Amino acid sequence: MTIKFDSKFFEKRGFDQKTIAKYFRNAVKDFKISSKNKEPEVIFNFSYCSMIKAGISLIALYGFRIKSRTGHHIKILEKLSQILNDKNIELIGDKMRKKRNFDFYDGGIIISQNEARQYLNFVKNIIVKAEKKIKSQKPLLKI
């Protein structure tokens, strides 16, 4: 499958293996923070950040960098979904994005413990798939 990167949102850039590994380790770091916490809002927010950072890692694996502009998280989720061949990433990821934006810009939301755990498990699956994808394309990469 060929993945196309729109120049409005992405710029071609060569990334060395060390940088890709650093990006992915940062995604894993956020995931570990979310998985060790008991507060639903912390679990949710760090899970969301972990998912976005995993997307940035995989986009870098393909030799592109996301441009910071309106809608760039939507584009990260689209590419993450395409790269991992999982439409649920785009659907559920966008639901998380909207919740995060509502919380951030519109006065807050309440995330239940159950909802936070569901999102955490969803992102865990993304992290596992992303790591497999990175290792399949860069088998010598230390992540």
# chains A, B, ... in the order shown; residues from 1 in each chain; ligands from 1
>>> closest_atom_pairs(of="region 47-99 of chain A", to="region 105-128 of chain A", cutoff="12 Å", atoms="only C-alpha atoms", output="CSV")
residue,atom,partner,partner_atom,distance
A:Ser47,CA,A:Leu120,CA,5.8
A:Tyr48,CA,A:Val123,CA,7.7
A:Cys49,CA,A:Val123,CA,9.7
A:Ser50,CA,A:Val123,CA,7.4
A:Met51,CA,A:Val123,CA,6.0
A:Ile52,CA,A:Val123,CA,9.8
A:Lys53,CA,A:Ile127,CA,9.8
A:Ala54,CA,A:Ile127,CA,6.7
A:Gly55,CA,A:Ile126,CA,9.1
A:Ser57,CA,A:Ile127,CA,10.6
A:Leu58,CA,A:Ile127,CA,10.6
A:Leu77,CA,A:Ile126,CA,11.2
A:Leu80,CA,A:Ile126,CA,8.9
A:Ser81,CA,A:Ile126,CA,9.4
A:Ile83,CA,A:Ile126,CA,10.9
A:Leu84,CA,A:Ile126,CA,8.2
A:Asn85,CA,A:Ile126,CA,10.9
A:Asp86,CA,A:Ile126,CA,9.3
A:Lys87,CA,A:Ile126,CA,11.8
A:Asn88,CA,A:Phe122,CA,9.4
A:Ile89,CA,A:Ile126,CA,7.9
A:Glu90,CA,A:Ile126,CA,11.3
A:Leu91,CA,A:Phe122,CA,11.6
A:Ile92,CA,A:Phe122,CA,8.6
A:Gly93,CA,A:Val123,CA,8.9
A:Asp94,CA,A:Tyr119,CA,11.9
A:Lys95,CA,A:Tyr119,CA,10.3
A:Met96,CA,A:Tyr119,CA,8.1
A:Arg97,CA,A:Tyr119,CA,11.6
A:Lys98,CA,A:Tyr105,CA,10.3
A:Lys99,CA,A:Ile109,CA,7.3
>>> write_last_selection(atoms="N, CA and C atoms", output="PDB file, in the first residue's frame")
ATOM      1  N   SER A  47      -2.497   9.173  27.475  1.00  0.00           N
ATOM      2  CA  SER A  47      -2.790   8.186  26.428  1.00  0.00           C
ATOM      3  C   SER A  47      -2.917   8.882  25.071  1.00  0.00           C
ATOM      4  N   TYR A  48      -3.635   9.997  25.061  1.00  0.00           N
ATOM      5  CA  TYR A  48      -3.795  10.753  23.821  1.00  0.00           C
ATOM      6  C   TYR A  48      -2.433  11.226  23.296  1.00  0.00           C
ATOM      7  N   CYS A  49      -1.633  11.805  24.184  1.00  0.00           N
ATOM      8  CA  CYS A  49      -0.299  12.276  23.763  1.00  0.00           C
ATOM      9  C   CYS A  49       0.554  11.126  23.240  1.00  0.00           C
ATOM     10  N   SER A  50       0.472   9.990  23.894  1.00  0.00           N
ATOM     11  CA  SER A  50       1.225   8.819  23.467  1.00  0.00           C
ATOM     12  C   SER A  50       0.826   8.397  22.052  1.00  0.00           C
ATOM     13  N   MET A  51      -0.473   8.402  21.788  1.00  0.00           N
ATOM     14  CA  MET A  51      -0.965   8.021  20.466  1.00  0.00           C
ATOM     15  C   MET A  51      -0.455   8.995  19.398  1.00  0.00           C
ATOM     16  N   ILE A  52      -0.539  10.282  19.674  1.00  0.00           N
ATOM     17  CA  ILE A  52      -0.071  11.288  18.712  1.00  0.00           C
ATOM     18  C   ILE A  52       1.432  11.137  18.481  1.00  0.00           C
ATOM     19  N   LYS A  53       2.190  10.932  19.545  1.00  0.00           N
ATOM     20  CA  LYS A  53       3.640  10.778  19.414  1.00  0.00           C
ATOM     21  C   LYS A  53       4.013   9.494  18.676  1.00  0.00           C
ATOM     22  N   ALA A  54       3.231   8.428  18.857  1.00  0.00           N
ATOM     23  CA  ALA A  54       3.464   7.204  18.075  1.00  0.00           C
ATOM     24  C   ALA A  54       3.244   7.497  16.592  1.00  0.00           C
ATOM     25  N   GLY A  55       2.212   8.287  16.298  1.00  0.00           N
ATOM     26  CA  GLY A  55       1.964   8.681  14.914  1.00  0.00           C
ATOM     27  C   GLY A  55       3.109   9.488  14.331  1.00  0.00           C
ATOM     28  N   SER A  57       6.168   9.341  15.220  1.00  0.00           N
ATOM     29  CA  SER A  57       7.274   8.390  15.031  1.00  0.00           C
ATOM     30  C   SER A  57       7.144   7.642  13.714  1.00  0.00           C
ATOM     31  N   LEU A  58       5.949   7.151  13.430  1.00  0.00           N
ATOM     32  CA  LEU A  58       5.748   6.377  12.203  1.00  0.00           C
ATOM     33  C   LEU A  58       5.816   7.255  10.959  1.00  0.00           C
ATOM     34  N   LEU A  77      -3.518  11.374  12.924  1.00  0.00           N
ATOM     35  CA  LEU A  77      -4.387  10.210  13.152  1.00  0.00           C
ATOM     36  C   LEU A  77      -4.709   9.489  11.839  1.00  0.00           C
ATOM     37  N   LEU A  80      -1.494   7.607  10.904  1.00  0.00           N
ATOM     38  CA  LEU A  80      -1.299   6.505  11.848  1.00  0.00           C
ATOM     39  C   LEU A  80      -2.241   5.351  11.500  1.00  0.00           C
ATOM     40  N   SER A  81      -3.481   5.680  11.196  1.00  0.00           N
ATOM     41  CA  SER A  81      -4.476   4.682  10.801  1.00  0.00           C
ATOM     42  C   SER A  81      -4.073   3.967   9.506  1.00  0.00           C
ATOM     43  N   ILE A  83      -0.939   3.785   8.138  1.00  0.00           N
ATOM     44  CA  ILE A  83       0.318   3.055   8.291  1.00  0.00           C
ATOM     45  C   ILE A  83       0.103   1.736   9.022  1.00  0.00           C
ATOM     46  N   LEU A  84      -0.747   1.758  10.056  1.00  0.00           N
ATOM     47  CA  LEU A  84      -1.006   0.526  10.814  1.00  0.00           C
ATOM     48  C   LEU A  84      -2.197  -0.259  10.274  1.00  0.00           C
ATOM     49  N   ASN A  85      -2.791   0.247   9.184  1.00  0.00           N
ATOM     50  CA  ASN A  85      -3.907  -0.427   8.522  1.00  0.00           C
ATOM     51  C   ASN A  85      -5.028  -0.772   9.513  1.00  0.00           C
ATOM     52  N   ASP A  86      -5.479   0.257  10.244  1.00  0.00           N
ATOM     53  CA  ASP A  86      -6.515   0.079  11.268  1.00  0.00           C
ATOM     54  C   ASP A  86      -7.410   1.319  11.285  1.00  0.00           C
ATOM     55  N   LYS A  87      -8.584   1.208  10.669  1.00  0.00           N
ATOM     56  CA  LYS A  87      -9.511   2.339  10.575  1.00  0.00           C
ATOM     57  C   LYS A  87     -10.000   2.819  11.940  1.00  0.00           C
ATOM     58  N   ASN A  88     -10.011   1.937  12.937  1.00  0.00           N
ATOM     59  CA  ASN A  88     -10.446   2.334  14.274  1.00  0.00           C
ATOM     60  C   ASN A  88      -9.537   3.388  14.885  1.00  0.00           C
ATOM     61  N   ILE A  89      -8.288   3.411  14.481  1.00  0.00           N
ATOM     62  CA  ILE A  89      -7.373   4.423  15.013  1.00  0.00           C
ATOM     63  C   ILE A  89      -7.874   5.810  14.636  1.00  0.00           C
ATOM     64  N   GLU A  90      -8.264   5.966  13.393  1.00  0.00           N
ATOM     65  CA  GLU A  90      -8.768   7.265  12.960  1.00  0.00           C
ATOM     66  C   GLU A  90     -10.092   7.606  13.651  1.00  0.00           C
ATOM     67  N   LEU A  91     -10.987   6.634  13.767  1.00  0.00           N
ATOM     68  CA  LEU A  91     -12.306   6.879  14.364  1.00  0.00           C
ATOM     69  C   LEU A  91     -12.224   7.143  15.869  1.00  0.00           C
ATOM     70  N   ILE A  92     -11.617   6.230  16.589  1.00  0.00           N
ATOM     71  CA  ILE A  92     -11.528   6.382  18.042  1.00  0.00           C
ATOM     72  C   ILE A  92     -10.537   7.487  18.403  1.00  0.00           C
ATOM     73  N   GLY A  93      -9.453   7.572  17.659  1.00  0.00           N
ATOM     74  CA  GLY A  93      -8.487   8.639  17.884  1.00  0.00           C
ATOM     75  C   GLY A  93      -9.117  10.012  17.718  1.00  0.00           C
ATOM     76  N   ASP A  94      -9.985  10.176  16.710  1.00  0.00           N
ATOM     77  CA  ASP A  94     -10.648  11.457  16.513  1.00  0.00           C
ATOM     78  C   ASP A  94     -11.639  11.740  17.646  1.00  0.00           C
ATOM     79  N   LYS A  95     -12.275  10.714  18.145  1.00  0.00           N
ATOM     80  CA  LYS A  95     -13.167  10.882  19.306  1.00  0.00           C
ATOM     81  C   LYS A  95     -12.353  11.380  20.510  1.00  0.00           C
ATOM     82  N   MET A  96     -11.182  10.798  20.700  1.00  0.00           N
ATOM     83  CA  MET A  96     -10.303  11.241  21.789  1.00  0.00           C
ATOM     84  C   MET A  96      -9.851  12.691  21.551  1.00  0.00           C
ATOM     85  N   ARG A  97      -9.511  13.007  20.321  1.00  0.00           N
ATOM     86  CA  ARG A  97      -9.068  14.362  19.978  1.00  0.00           C
ATOM     87  C   ARG A  97     -10.156  15.380  20.299  1.00  0.00           C
ATOM     88  N   LYS A  98     -11.389  15.067  19.928  1.00  0.00           N
ATOM     89  CA  LYS A  98     -12.507  15.974  20.199  1.00  0.00           C
ATOM     90  C   LYS A  98     -12.737  16.144  21.695  1.00  0.00           C
ATOM     91  N   LYS A  99     -12.635  15.056  22.452  1.00  0.00           N
ATOM     92  CA  LYS A  99     -12.772  15.142  23.908  1.00  0.00           C
ATOM     93  C   LYS A  99     -11.664  15.994  24.507  1.00  0.00           C
TER      94      LYS A  99
END
>>> closest_residue(among="A:Asp103, A:Thr2, A:Ser7, A:Leu61", to="Thr19 (chain A)", atoms="only C-alpha atoms")
A:Leu61
>>> atom_distance(atom1="CA of Phe24 (chain A)", atom2="CA of Lys135 (chain A)")
11.3 Å
>>> atom_distance(atom1="CA of Lys12 (chain A)", atom2="CA of Val28 (chain A)")
24.6 Å
>>> select_by_dssp(residues="chain A", states="strand (DSSP E)", output="MDAnalysis selection string")
chainID A and resid 10:12 64:66
>>> write_last_selection(atoms="N, CA and C atoms", output="short mmCIF file (atom, residue, chain, number, x, y, z; two decimals), in the first residue's frame")
data_model
loop_
_atom_site.label_atom_id
_atom_site.label_comp_id
_atom_site.auth_asym_id
_atom_site.auth_seq_id
_atom_site.Cartn_x
_atom_site.Cartn_y
_atom_site.Cartn_z
N PHE A 10 2.58 17.99 5.48
CA PHE A 10 3.80 17.23 5.72
C PHE A 10 4.94 17.77 4.88
N GLU A 11 6.15 17.70 5.44
CA GLU A 11 7.33 18.05 4.66
C GLU A 11 8.27 16.86 4.65
N LYS A 12 8.87 16.64 3.51
CA LYS A 12 9.84 15.55 3.35
C LYS A 12 11.08 15.90 4.15
N PHE A 64 8.87 11.74 6.71
CA PHE A 64 8.12 13.00 6.70
C PHE A 64 7.98 13.56 8.11
N ARG A 65 7.75 14.86 8.15
CA ARG A 65 7.52 15.58 9.39
C ARG A 65 6.19 16.32 9.24
N ILE A 66 5.37 16.26 10.30
CA ILE A 66 4.09 16.99 10.29
C ILE A 66 4.36 18.47 10.47
#
>>> residues_around(residues="Thr70 (chain A)", least_positions_apart="4", cutoff="10 Å", atoms="only C-alpha atoms", output="list in words")
Phe9, Ile74 and Lys75 of chain A
>>> closest_residue(among="A:Arg100, A:Phe46, A:Phe5, A:Arg69", to="Ile33 (chain A)", atoms="only C-alpha atoms")
A:Phe46
>>> atom_distance(atom1="CA of Phe15 (chain A)", atom2="CA of Ile134 (chain A)")
13.0 Å
>>> select_by_dssp(residues="chain A", states="helix (DSSP H, G or I)", output="MDAnalysis selection string")
chainID A and resid 17:36 40:61 72:83 87:105 113:137
>>> closest_residue(among="A:Ile143, A:Ile3, A:Ala130, A:Ile59", to="Ala21 (chain A)", atoms="only C-alpha atoms")
A:Ile143
>>> closest_residue(among="A:Lys36, A:Ile56, A:Lys133, A:Lys67", to="Ile20 (chain A)", atoms="only C-alpha atoms")
A:Ile56
>>> closest_residue(among="A:Lys79, A:Lys142, A:His72, A:Lys29", to="Lys8 (chain A)", atoms="only C-alpha atoms")
A:His72
